[in-house]
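Content type PDB, C-alpha atoms, from the file coords-v3.pdb:
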```pdb
ATOM      1  CA  MET A   1    -142.651 -79.495  43.842
ATOM      2  CA  PRO A   2    -140.933 -76.171  43.376
ATOM      3  CA  LYS A   3    -140.029 -75.216  39.843
ATOM      4  CA  THR A   4    -136.393 -75.286  38.936
ATOM      5  CA  ASP A   5    -134.648 -73.626  35.998
ATOM      6  CA  ARG A   6    -133.834 -75.971  33.235
ATOM      7  CA  PRO A   7    -130.152 -76.204  32.459
ATOM      8  CA  ALA A   8    -129.198 -74.532  29.233
ATOM      9  CA  LYS A   9    -128.516 -76.851  26.385
ATOM     10  CA  GLN A  10    -124.869 -77.166  25.692
ATOM     11  CA  GLY A  11    -123.673 -75.707  22.439
ATOM     12  CA  THR A  12    -126.497 -73.151  22.164
ATOM     13  CA  GLN A  13    -126.427 -69.443  23.030
ATOM     14  CA  GLU A  14    -129.005 -66.747  22.873
ATOM     15  CA  ALA A  15    -128.416 -64.438  19.924
ATOM     16  CA  PRO A  16    -127.574 -60.876  21.033
ATOM     17  CA  ALA A  17    -130.269 -58.308  20.260
ATOM     18  CA  VAL A  18    -129.452 -56.298  17.169
ATOM     19  CA  ARG A  19    -129.677 -52.617  17.965
ATOM     20  CA  ARG A  20    -130.646 -50.394  15.112
ATOM     21  CA  LYS A  21    -128.811 -47.124  14.978
ATOM     22  CA  THR A  22    -131.207 -44.243  15.519
ATOM     23  CA  LEU A  23    -130.906 -41.479  12.947
ATOM     24  CA  THR A  24    -130.728 -37.978  14.375
ATOM     25  CA  ARG A  25    -132.143 -34.806  12.895
ATOM     26  CA  GLU A  26    -128.558 -33.668  12.293
ATOM     27  CA  ALA A  27    -127.823 -36.827  10.291
ATOM     28  CA  TRP A  28    -130.754 -36.143   7.973
ATOM     29  CA  ILE A  29    -129.656 -32.532   7.518
ATOM     30  CA  ALA A  30    -126.041 -33.538   6.814
ATOM     31  CA  ALA A  31    -127.153 -36.050   4.177
ATOM     32  CA  ALA A  32    -129.518 -33.533   2.608
ATOM     33  CA  LEU A  33    -126.730 -30.945   2.475
ATOM     34  CA  LYS A  34    -124.549 -33.327   0.481
ATOM     35  CA  VAL A  35    -127.365 -33.968  -1.987
ATOM     36  CA  LEU A  36    -128.069 -30.230  -2.240
ATOM     37  CA  GLU A  37    -124.422 -29.392  -2.934
ATOM     38  CA  LYS A  38    -123.895 -32.192  -5.457
ATOM     39  CA  ARG A  39    -127.224 -32.396  -7.288
ATOM     40  CA  GLY A  40    -129.333 -29.405  -6.312
ATOM     41  CA  ILE A  41    -132.533 -28.813  -4.371
ATOM     42  CA  ALA A  42    -134.668 -30.772  -6.874
ATOM     43  CA  ASP A  43    -133.015 -34.006  -5.676
ATOM     44  CA  VAL A  44    -133.485 -33.302  -1.978
ATOM     45  CA  LYS A  45    -136.394 -35.722  -1.525
ATOM     46  CA  ILE A  46    -137.593 -37.863   1.346
ATOM     47  CA  ASP A  47    -137.482 -41.077  -0.700
ATOM     48  CA  VAL A  48    -133.935 -40.365  -1.910
ATOM     49  CA  LEU A  49    -132.652 -39.807   1.615
ATOM     50  CA  ALA A  50    -134.597 -42.716   3.114
ATOM     51  CA  LYS A  51    -133.184 -45.056   0.466
ATOM     52  CA  GLN A  52    -129.704 -43.796   1.228
ATOM     53  CA  PHE A  53    -130.162 -44.551   4.935
ATOM     54  CA  LYS A  54    -132.071 -47.787   4.217
ATOM     55  CA  VAL A  55    -134.991 -46.711   6.382
ATOM     56  CA  THR A  56    -138.678 -45.988   5.826
ATOM     57  CA  ARG A  57    -140.231 -42.574   5.325
ATOM     58  CA  GLY A  58    -141.537 -42.794   8.886
ATOM     59  CA  SER A  59    -138.025 -42.252  10.228
ATOM     60  CA  PHE A  60    -137.915 -38.924   8.430
ATOM     61  CA  TYR A  61    -141.201 -37.743   9.924
ATOM     62  CA  PHE A  62    -139.927 -38.469  13.402
ATOM     63  CA  HIS A  63    -137.691 -35.380  13.010
ATOM     64  CA  PHE A  64    -139.425 -33.244  10.353
ATOM     65  CA  SER A  65    -143.009 -32.287   9.745
ATOM     66  CA  SER A  66    -142.527 -32.101   5.964
ATOM     67  CA  ILE A  67    -139.965 -31.699   3.196
ATOM     68  CA  LYS A  68    -140.484 -27.961   3.598
ATOM     69  CA  ASP A  69    -139.312 -28.285   7.194
ATOM     70  CA  LEU A  70    -136.103 -29.985   6.013
ATOM     71  CA  ARG A  71    -135.513 -27.340   3.360
ATOM     72  CA  GLU A  72    -135.836 -24.615   5.967
ATOM     73  CA  ALA A  73    -133.240 -26.457   8.060
ATOM     74  CA  LEU A  74    -130.898 -26.436   5.045
ATOM     75  CA  LEU A  75    -131.375 -22.700   4.638
ATOM     76  CA  GLU A  76    -130.712 -22.179   8.328
ATOM     77  CA  GLU A  77    -127.449 -24.072   7.889
ATOM     78  CA  TRP A  78    -126.535 -21.739   5.024
ATOM     79  CA  ARG A  79    -127.400 -18.694   7.130
ATOM     80  CA  ALA A  80    -125.312 -19.924  10.044
ATOM     81  CA  ARG A  81    -122.254 -20.795   7.971
ATOM     82  CA  ASN A  82    -122.339 -18.292   5.121
ATOM     83  CA  CYS A  83    -124.268 -15.273   6.373
ATOM     84  CA  ARG A  84    -123.773 -14.769  10.099
ATOM     85  CA  PRO A  85    -119.957 -14.486   9.954
ATOM     86  CA  PHE A  86    -120.372 -11.471   7.652
ATOM     87  CA  GLU A  87    -123.167 -10.066   9.797
ATOM     88  CA  ALA A  88    -120.772 -10.220  12.749
ATOM     89  CA  LEU A  89    -118.164  -8.284  10.753
ATOM     90  CA  ALA A  90    -120.761  -5.641   9.899
ATOM     91  CA  ARG A  91    -121.453  -5.109  13.596
ATOM     92  CA  ASN A  92    -117.784  -4.688  14.426
ATOM     93  CA  PRO A  93    -115.744  -3.517  11.404
ATOM     94  CA  HIS A  94    -112.012  -3.090  11.895
ATOM     95  CA  PRO A  95    -110.933   0.581  11.437
ATOM     96  CA  ASP A  96    -107.795  -0.367   9.493
ATOM     97  CA  GLY A  97    -108.760  -0.922   5.850
ATOM     98  CA  LEU A  98    -105.961  -3.382   5.108
ATOM     99  CA  VAL A  99    -106.698  -5.474   8.178
ATOM    100  CA  PHE A 100    -110.446  -5.420   7.538
ATOM    101  CA  PHE A 101    -109.958  -6.464   3.905
ATOM    102  CA  GLU A 102    -107.844  -9.428   4.998
ATOM    103  CA  ILE A 103    -110.410 -10.481   7.617
ATOM    104  CA  ILE A 104    -113.202 -10.422   5.020
ATOM    105  CA  VAL A 105    -111.243 -12.384   2.431
ATOM    106  CA  LEU A 106    -110.072 -14.976   4.962
ATOM    107  CA  THR A 107    -113.693 -15.558   5.933
ATOM    108  CA  TRP A 108    -114.112 -16.980   2.424
ATOM    109  CA  VAL A 109    -110.718 -18.534   1.901
ATOM    110  CA  ASN A 110    -110.460 -20.392   5.208
ATOM    111  CA  GLU A 111    -113.866 -22.038   4.600
ATOM    112  CA  ASP A 112    -114.473 -22.351   8.335
ATOM    113  CA  PRO A 113    -117.419 -22.262   8.620
ATOM    114  CA  PHE A 114    -118.053 -20.721   5.162
ATOM    115  CA  SER A 115    -118.924 -23.293   2.470
ATOM    116  CA  PRO A 116    -118.492 -22.307  -1.192
ATOM    117  CA  LEU A 117    -120.412 -25.359  -2.434
ATOM    118  CA  LEU A 118    -123.350 -24.576  -0.166
ATOM    119  CA  ASP A 119    -123.335 -20.962  -1.315
ATOM    120  CA  LEU A 120    -123.433 -22.019  -4.964
ATOM    121  CA  ALA A 121    -126.205 -24.535  -4.294
ATOM    122  CA  VAL A 122    -128.385 -21.981  -2.500
ATOM    123  CA  ARG A 123    -127.694 -19.417  -5.237
ATOM    124  CA  ASP A 124    -128.902 -21.931  -7.821
ATOM    125  CA  TRP A 125    -131.906 -22.781  -5.630
ATOM    126  CA  SER A 126    -132.800 -19.090  -5.393
ATOM    127  CA  ARG A 127    -133.444 -18.934  -9.139
ATOM    128  CA  GLY A 128    -136.729 -20.744  -8.509
ATOM    129  CA  SER A 129    -137.786 -18.773  -5.429
ATOM    130  CA  ARG A 130    -138.358 -15.034  -5.345
ATOM    131  CA  LYS A 131    -138.192 -14.962  -1.544
ATOM    132  CA  LEU A 132    -134.883 -16.816  -1.471
ATOM    133  CA  ALA A 133    -133.559 -14.713  -4.341
ATOM    134  CA  ASP A 134    -134.194 -11.591  -2.249
ATOM    135  CA  GLU A 135    -132.381 -13.158   0.700
ATOM    136  CA  MET A 136    -129.416 -14.109  -1.463
ATOM    137  CA  ALA A 137    -129.287 -10.610  -2.937
ATOM    138  CA  ALA A 138    -129.244  -9.171   0.591
ATOM    139  CA  ALA A 139    -126.325 -11.479   1.462
ATOM    140  CA  ASP A 140    -124.442 -10.332  -1.655
ATOM    141  CA  ASP A 141    -125.108  -6.680  -0.831
ATOM    142  CA  LEU A 142    -123.821  -7.125   2.711
ATOM    143  CA  ARG A 143    -120.596  -8.792   1.595
ATOM    144  CA  ILE A 144    -119.971  -6.078  -1.000
ATOM    145  CA  SER A 145    -120.713  -3.349   1.547
ATOM    146  CA  LEU A 146    -118.087  -4.797   3.897
ATOM    147  CA  LEU A 147    -115.472  -4.699   1.160
ATOM    148  CA  GLU A 148    -116.586  -1.175   0.306
ATOM    149  CA  LYS A 149    -115.950  -0.114   3.935
ATOM    150  CA  ALA A 150    -112.450  -1.545   3.712
ATOM    151  CA  PHE A 151    -111.703   0.458   0.574
ATOM    152  CA  LEU A 152    -113.226   3.608   2.048
ATOM    153  CA  ALA A 153    -110.936   3.155   5.055
ATOM    154  CA  LEU A 154    -108.065   3.122   2.551
ATOM    155  CA  ASP A 155    -109.149   6.610   1.447
ATOM    156  CA  TYR A 156    -110.570   5.686  -1.937
ATOM    157  CA  PRO A 157    -113.367   7.949  -3.238
ATOM    158  CA  ALA A 158    -116.859   6.532  -2.686
ATOM    159  CA  ASP A 159    -117.463   5.475  -6.303
ATOM    160  CA  GLU A 160    -114.064   3.847  -6.636
ATOM    161  CA  ALA A 161    -114.472   2.068  -3.287
ATOM    162  CA  LEU A 162    -117.751   0.572  -4.516
ATOM    163  CA  VAL A 163    -116.293  -0.530  -7.850
ATOM    164  CA  ARG A 164    -113.237  -2.071  -6.216
ATOM    165  CA  ALA A 165    -115.517  -3.876  -3.763
ATOM    166  CA  ARG A 166    -117.601  -5.276  -6.615
ATOM    167  CA  ILE A 167    -114.541  -6.386  -8.589
ATOM    168  CA  THR A 168    -113.151  -8.167  -5.523
ATOM    169  CA  TYR A 169    -116.459  -9.888  -4.806
ATOM    170  CA  PHE A 170    -117.090 -10.895  -8.415
ATOM    171  CA  HIS A 171    -113.541 -12.258  -8.550
ATOM    172  CA  GLN A 172    -114.162 -14.442  -5.487
ATOM    173  CA  ILE A 173    -117.591 -15.666  -6.607
ATOM    174  CA  GLY A 174    -116.168 -16.343 -10.069
ATOM    175  CA  HIS A 175    -113.592 -18.704  -8.583
ATOM    176  CA  TYR A 176    -116.373 -20.697  -6.928
ATOM    177  CA  THR A 177    -118.734 -20.642  -9.904
ATOM    178  CA  LEU A 178    -116.061 -21.922 -12.282
ATOM    179  CA  TYR A 179    -114.938 -24.560  -9.743
ATOM    180  CA  PHE A 180    -111.459 -23.186 -10.360
ATOM    181  CA  ARG A 181    -108.695 -25.381  -8.975
ATOM    182  CA  GLU A 182    -104.981 -24.733  -8.590
ATOM    183  CA  SER A 183    -102.181 -26.215  -6.555
ATOM    184  CA  ALA A 184    -101.456 -24.971  -3.070
ATOM    185  CA  ALA A 185     -98.056 -23.744  -4.279
ATOM    186  CA  ASP A 186     -99.613 -21.694  -7.093
ATOM    187  CA  ARG A 187    -102.258 -20.297  -4.770
ATOM    188  CA  LYS A 188     -99.601 -19.172  -2.321
ATOM    189  CA  ARG A 189     -97.496 -17.651  -5.106
ATOM    190  CA  TYR A 190    -100.354 -15.716  -6.715
ATOM    191  CA  GLN A 191    -102.067 -14.548  -3.507
ATOM    192  CA  PRO A 192     -99.922 -11.423  -2.950
ATOM    193  CA  ILE A 193    -100.303 -10.497  -6.621
ATOM    194  CA  TYR A 194    -104.081 -10.786  -6.398
ATOM    195  CA  GLY A 195    -103.971  -8.660  -3.262
ATOM    196  CA  LYS A 196    -101.806  -6.013  -4.905
ATOM    197  CA  VAL A 197    -104.070  -5.788  -7.961
ATOM    198  CA  LEU A 198    -107.339  -5.763  -6.002
ATOM    199  CA  LEU A 199    -106.226  -3.397  -3.251
ATOM    200  CA  GLY A 200    -104.585  -0.881  -5.572
ATOM    201  CA  PRO A 201    -102.146   1.987  -4.927
ATOM    202  CA  ASN A 202    -103.752   3.294  -1.737
ATOM    203  CA  ALA A 203    -102.990   0.026   0.000
ATOM    204  CA  GLU A 204     -99.335   0.293  -0.989
ATOM    205  CA  ALA A 205     -99.242   3.828   0.390
ATOM    206  CA  ALA A 206    -100.854   2.663   3.630
ATOM    207  CA  GLU A 207     -98.313  -0.147   3.962
ATOM    208  CA  SER A 208     -95.473   2.341   3.427
ATOM    209  CA  ARG A 209     -96.850   4.637   6.135
ATOM    210  CA  GLN A 210     -97.157   1.702   8.514
ATOM    211  CA  ALA A 211     -93.558   0.625   7.789
ATOM    212  CA  ILE A 212     -92.290   4.157   8.447
ATOM    213  CA  ALA A 213     -94.293   4.422  11.669
ATOM    214  CA  GLN A 214     -92.985   1.049  12.882
ATOM    215  CA  GLY A 215     -89.422   2.142  12.069
ATOM    216  CA  GLN A 216     -89.826   5.329  14.059
ATOM    217  CA  ASP A 217     -91.299   3.409  17.003
ATOM    218  CA  GLY A 218     -88.358   1.028  16.916
TER     219      GLY A 218
END
```

Can the structure in the file be given as structure tokens, please?
Amino acid sequence: MPKTDRPAKQGTQEAPAVRRKTLTREAWIAAALKVLEKRGIADVKIDVLAKQFKVTRGSFYFHFSSIKDLREALLEEWRARNCRPFEALARNPHPDGLVFFEIIVLTWVNEDPFSPLLDLAVRDWSRGSRKLADEMAAADDLRISLLEKAFLALDYPADEALVRARITYFHQIGHYTLYFRESAADRKRYQPIYGKVLLGPNAEAAESRQAIAQGQDG
């Protein structure tokens, strides 16, 4: 006799298959970035991340060859977010010193894509790596050189342009290092004062010339 399907028993259903969410390489990097920013590179470990995701170490090795591979991915994230925006400015500096200064500062302040916490974490990491320390120093030098160009465009002498660039940069890094916090209202109120102090008298003269020129054009 031909086989027939047995009728399903009433009151019973097949349990749906439980699908396990597959972790992506990006998910591992994002989790490692959070650990790096909060606790430092010493705590970026395979076991720590695997425990956080509730997976085995094998899941990690599906995306990375080693912990060194993951660390290089973290550095590449830092380069993309905190270095390349400034490298782009170096390739195409704005000729107006005031405008260029504002563009540089907003690259930090807007934090898109720049990450202060990531910058601090990599700076701390670099204290244990000569190679990374050299790379961080190069990043610092580039940022200072951009500010220096802005001050030179404002007709400051070379030495004064360099010193003003350093003061501006140290001021910005100091805010991050001290984890300085203030209300949005205070930040907005103090911002023009900071700008006036950091930019100095040549900026005021440049603004006056621009106002006169705009009045004549009108």

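From atom CA of A:Ala80 back to atom CA of A:Leu98, the distance works out to 25.9 Å.
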
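For the residues A:Ile41, A:Phe62, A:Val105, A:Glu26, ranking by smallest atom-to-atom distance to A:Ser126 using all atoms listed in the file places A:Ile41 first.
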
Practice prompt. Write out as a list in words the residues lying within 10 Å of stretch 192-206 of chain A, counting all atoms listed in the file and excluding same-chain residues fewer than 6 positions away.
Written response: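 Everything that qualifies: Asp96, Gly97, Leu98, Phe101, Glu102, Val105, Ala150, Phe151, Ala153, Leu154, Asp155, Tyr156, Ala161, Arg164, Ala165, Ile167, Thr168, His171 and Ile212 of chain A.
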
Go ahead and save the picked residues with C-alpha atoms, as a PDB file, in the coordinates of the input.
```pdb
ATOM      1  CA  ASP A  96    -107.795  -0.367   9.493  1.00  0.00           C
ATOM      2  CA  GLY A  97    -108.760  -0.922   5.850  1.00  0.00           C
ATOM      3  CA  LEU A  98    -105.961  -3.382   5.108  1.00  0.00           C
ATOM      4  CA  PHE A 101    -109.958  -6.464   3.905  1.00  0.00           C
ATOM      5  CA  GLU A 102    -107.844  -9.428   4.998  1.00  0.00           C
ATOM      6  CA  VAL A 105    -111.243 -12.384   2.431  1.00  0.00           C
ATOM      7  CA  ALA A 150    -112.450  -1.545   3.712  1.00  0.00           C
ATOM      8  CA  PHE A 151    -111.703   0.458   0.574  1.00  0.00           C
ATOM      9  CA  ALA A 153    -110.936   3.155   5.055  1.00  0.00           C
ATOM     10  CA  LEU A 154    -108.065   3.122   2.551  1.00  0.00           C
ATOM     11  CA  ASP A 155    -109.149   6.610   1.447  1.00  0.00           C
ATOM     12  CA  TYR A 156    -110.570   5.686  -1.937  1.00  0.00           C
ATOM     13  CA  ALA A 161    -114.472   2.068  -3.287  1.00  0.00           C
ATOM     14  CA  ARG A 164    -113.237  -2.071  -6.216  1.00  0.00           C
ATOM     15  CA  ALA A 165    -115.517  -3.876  -3.763  1.00  0.00           C
ATOM     16  CA  ILE A 167    -114.541  -6.386  -8.589  1.00  0.00           C
ATOM     17  CA  THR A 168    -113.151  -8.167  -5.523  1.00  0.00           C
ATOM     18  CA  HIS A 171    -113.541 -12.258  -8.550  1.00  0.00           C
ATOM     19  CA  ILE A 212     -92.290   4.157   8.447  1.00  0.00           C
TER      20      ILE A 212
END
```

Fill in: Residue among A:Lys34, A:Leu49, A:Glu76, A:Leu23 lying closest to A:Leu132, counting only C-alpha atoms
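Distance minimum relative to A:Leu132 lands on A:Glu76.
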
Worksheet entry | Coordinates-based distance that separates atom CA of A:Glu148 from atom CA of A:Glu135 (Å, one decimal) | 19.8 Å

For the structure provided, state which residues fall under the PyMOL selection byres ((chain A and resi 106-118) around 7), and present them as a compact mmCIF listing (two decimals) with C-alpha atoms, keeping the file's coordinate frame.
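And here is the file that came out, out-v6.txt:
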```
# COMPACT_ATOMS: atom_id res chain seq x y z
CA GLU A 37 -124.42 -29.39 -2.93
CA TRP A 78 -126.54 -21.74 5.02
CA ARG A 81 -122.25 -20.80 7.97
CA ASN A 82 -122.34 -18.29 5.12
CA GLU A 102 -107.84 -9.43 5.00
CA ILE A 103 -110.41 -10.48 7.62
CA ILE A 104 -113.20 -10.42 5.02
CA VAL A 105 -111.24 -12.38 2.43
CA ASP A 119 -123.34 -20.96 -1.32
CA LEU A 120 -123.43 -22.02 -4.96
CA ALA A 121 -126.20 -24.54 -4.29
CA VAL A 122 -128.38 -21.98 -2.50
CA TYR A 176 -116.37 -20.70 -6.93
```

Within-12 Å shell of (-130.7, -41.5, -0.2) in input frame, all atoms listed in the file, as a compact mmCIF listing (two decimals) with C-alpha atoms, in the frame of the given file:
```txt
# COMPACT_ATOMS: atom_id res chain seq x y z
CA ALA A 27 -127.82 -36.83 10.29
CA TRP A 28 -130.75 -36.14 7.97
CA ILE A 29 -129.66 -32.53 7.52
CA ALA A 30 -126.04 -33.54 6.81
CA ALA A 31 -127.15 -36.05 4.18
CA ALA A 32 -129.52 -33.53 2.61
CA LEU A 33 -126.73 -30.94 2.48
CA LYS A 34 -124.55 -33.33 0.48
CA VAL A 35 -127.36 -33.97 -1.99
CA LEU A 36 -128.07 -30.23 -2.24
CA ASP A 43 -133.01 -34.01 -5.68
CA VAL A 44 -133.49 -33.30 -1.98
CA LYS A 45 -136.39 -35.72 -1.52
CA ILE A 46 -137.59 -37.86 1.35
CA ASP A 47 -137.48 -41.08 -0.70
CA VAL A 48 -133.94 -40.36 -1.91
CA LEU A 49 -132.65 -39.81 1.62
CA ALA A 50 -134.60 -42.72 3.11
CA LYS A 51 -133.18 -45.06 0.47
CA GLN A 52 -129.70 -43.80 1.23
CA PHE A 53 -130.16 -44.55 4.93
CA LYS A 54 -132.07 -47.79 4.22
CA VAL A 55 -134.99 -46.71 6.38
CA THR A 56 -138.68 -45.99 5.83
CA ARG A 57 -140.23 -42.57 5.32
CA PHE A 60 -137.92 -38.92 8.43
```

Worksheet entry | Residues matched by the PyMOL selection byres ((chain A and resi 89) around 10) as a PyMOL selection string | chain A and resi 84-88+90-94+100+103-104+107+142-143+146

Coordinates of box centre and edge lengths for stretch 140-152 of chain A, 4 Å on every side, axis-aligned, as lines of an AutoDock Vina configuration file:
```
center_x = -118.4
center_y = -3.4
center_z = 1.1
size_x = 21.4
size_y = 21.9
size_z = 13.6
```

Discussion item. Given only C-alpha atoms as the basis, pick out the residue of A:Tyr190, A:Ile144, A:Thr22, A:Ser183 nearest to A:Tyr169.
Written reply: A:Ile144

Fill in: One-decimal distance in Å that lies between atom CA of A:Ala139 and atom CA of A:Trp125
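Computing it gives 14.5 Å between the two atoms.
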
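Checking A:Thr24, A:Phe180, A:Asp124, A:Val99 one by one against A:Leu147, counting only C-alpha atoms, you find the shortest gap at A:Val99.
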
Test item: write stretch 72-95 of chain A with N, CA and C atoms as a JSON list (two decimals), in the first residue's frame:
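Saved file selection.json follows:
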```json
[["chain", "number", "residue", "atom", "x", "y", "z"],
["A", 72, "GLU", "N", 45.14, 46.64, 14.76],
["A", 72, "GLU", "CA", 45.40, 47.41, 13.55],
["A", 72, "GLU", "C", 44.11, 48.00, 12.99],
["A", 73, "ALA", "N", 43.01, 47.25, 13.12],
["A", 73, "ALA", "CA", 41.71, 47.76, 12.68],
["A", 73, "ALA", "C", 41.28, 48.97, 13.52],
["A", 74, "LEU", "N", 41.60, 48.94, 14.82],
["A", 74, "LEU", "CA", 41.29, 50.07, 15.69],
["A", 74, "LEU", "C", 42.10, 51.30, 15.28],
["A", 75, "LEU", "N", 43.36, 51.09, 14.96],
["A", 75, "LEU", "CA", 44.20, 52.20, 14.53],
["A", 75, "LEU", "C", 43.72, 52.76, 13.19],
["A", 76, "GLU", "N", 43.25, 51.88, 12.32],
["A", 76, "GLU", "CA", 42.74, 52.35, 11.04],
["A", 76, "GLU", "C", 41.48, 53.19, 11.24],
["A", 77, "GLU", "N", 40.69, 52.83, 12.24],
["A", 77, "GLU", "CA", 39.51, 53.63, 12.57],
["A", 77, "GLU", "C", 39.94, 55.01, 13.06],
["A", 78, "TRP", "N", 40.96, 55.06, 13.89],
["A", 78, "TRP", "CA", 41.49, 56.34, 14.37],
["A", 78, "TRP", "C", 42.02, 57.18, 13.20],
["A", 79, "ARG", "N", 42.74, 56.54, 12.30],
["A", 79, "ARG", "CA", 43.28, 57.27, 11.14],
["A", 79, "ARG", "C", 42.16, 57.85, 10.28],
["A", 80, "ALA", "N", 41.12, 57.04, 10.07],
["A", 80, "ALA", "CA", 40.02, 57.49, 9.22],
["A", 80, "ALA", "C", 39.25, 58.65, 9.85],
["A", 81, "ARG", "N", 39.03, 58.57, 11.15],
["A", 81, "ARG", "CA", 38.20, 59.58, 11.82],
["A", 81, "ARG", "C", 38.98, 60.79, 12.30],
["A", 82, "ASN", "N", 40.20, 60.58, 12.74],
["A", 82, "ASN", "CA", 40.94, 61.66, 13.41],
["A", 82, "ASN", "C", 42.15, 62.18, 12.65],
["A", 83, "CYS", "N", 42.55, 61.50, 11.60],
["A", 83, "CYS", "CA", 43.73, 61.94, 10.84],
["A", 83, "CYS", "C", 43.38, 62.41, 9.43],
["A", 84, "ARG", "N", 42.60, 61.63, 8.72],
["A", 84, "ARG", "CA", 42.35, 61.95, 7.31],
["A", 84, "ARG", "C", 41.61, 63.26, 7.09],
["A", 85, "PRO", "N", 40.69, 63.67, 7.98],
["A", 85, "PRO", "CA", 40.07, 64.99, 7.78],
["A", 85, "PRO", "C", 41.10, 66.12, 7.76],
["A", 86, "PHE", "N", 42.12, 66.02, 8.61],
["A", 86, "PHE", "CA", 43.17, 67.05, 8.63],
["A", 86, "PHE", "C", 44.09, 66.92, 7.43],
["A", 87, "GLU", "N", 44.33, 65.70, 7.00],
["A", 87, "GLU", "CA", 45.14, 65.48, 5.79],
["A", 87, "GLU", "C", 44.45, 66.10, 4.58],
["A", 88, "ALA", "N", 43.13, 66.01, 4.55],
["A", 88, "ALA", "CA", 42.36, 66.62, 3.45],
["A", 88, "ALA", "C", 42.49, 68.14, 3.48],
["A", 89, "LEU", "N", 42.48, 68.72, 4.68],
["A", 89, "LEU", "CA", 42.65, 70.17, 4.81],
["A", 89, "LEU", "C", 44.04, 70.60, 4.35],
["A", 90, "ALA", "N", 45.03, 69.77, 4.63],
["A", 90, "ALA", "CA", 46.40, 70.10, 4.23],
["A", 90, "ALA", "C", 46.54, 70.13, 2.71],
["A", 91, "ARG", "N", 45.78, 69.29, 2.04],
["A", 91, "ARG", "CA", 45.84, 69.25, 0.57],
["A", 91, "ARG", "C", 45.12, 70.42, -0.07],
["A", 92, "ASN", "N", 44.19, 71.01, 0.67],
["A", 92, "ASN", "CA", 43.39, 72.09, 0.08],
["A", 92, "ASN", "C", 43.10, 73.17, 1.13],
["A", 93, "PRO", "N", 44.14, 73.89, 1.59],
["A", 93, "PRO", "CA", 43.93, 74.92, 2.61],
["A", 93, "PRO", "C", 43.17, 76.12, 2.05],
["A", 94, "HIS", "N", 42.30, 76.69, 2.86],
["A", 94, "HIS", "CA", 41.56, 77.87, 2.44],
["A", 94, "HIS", "C", 42.49, 79.09, 2.52],
["A", 95, "PRO", "N", 42.49, 79.97, 1.52],
["A", 95, "PRO", "CA", 43.42, 81.12, 1.53],
["A", 95, "PRO", "C", 43.09, 82.17, 2.58]]
```
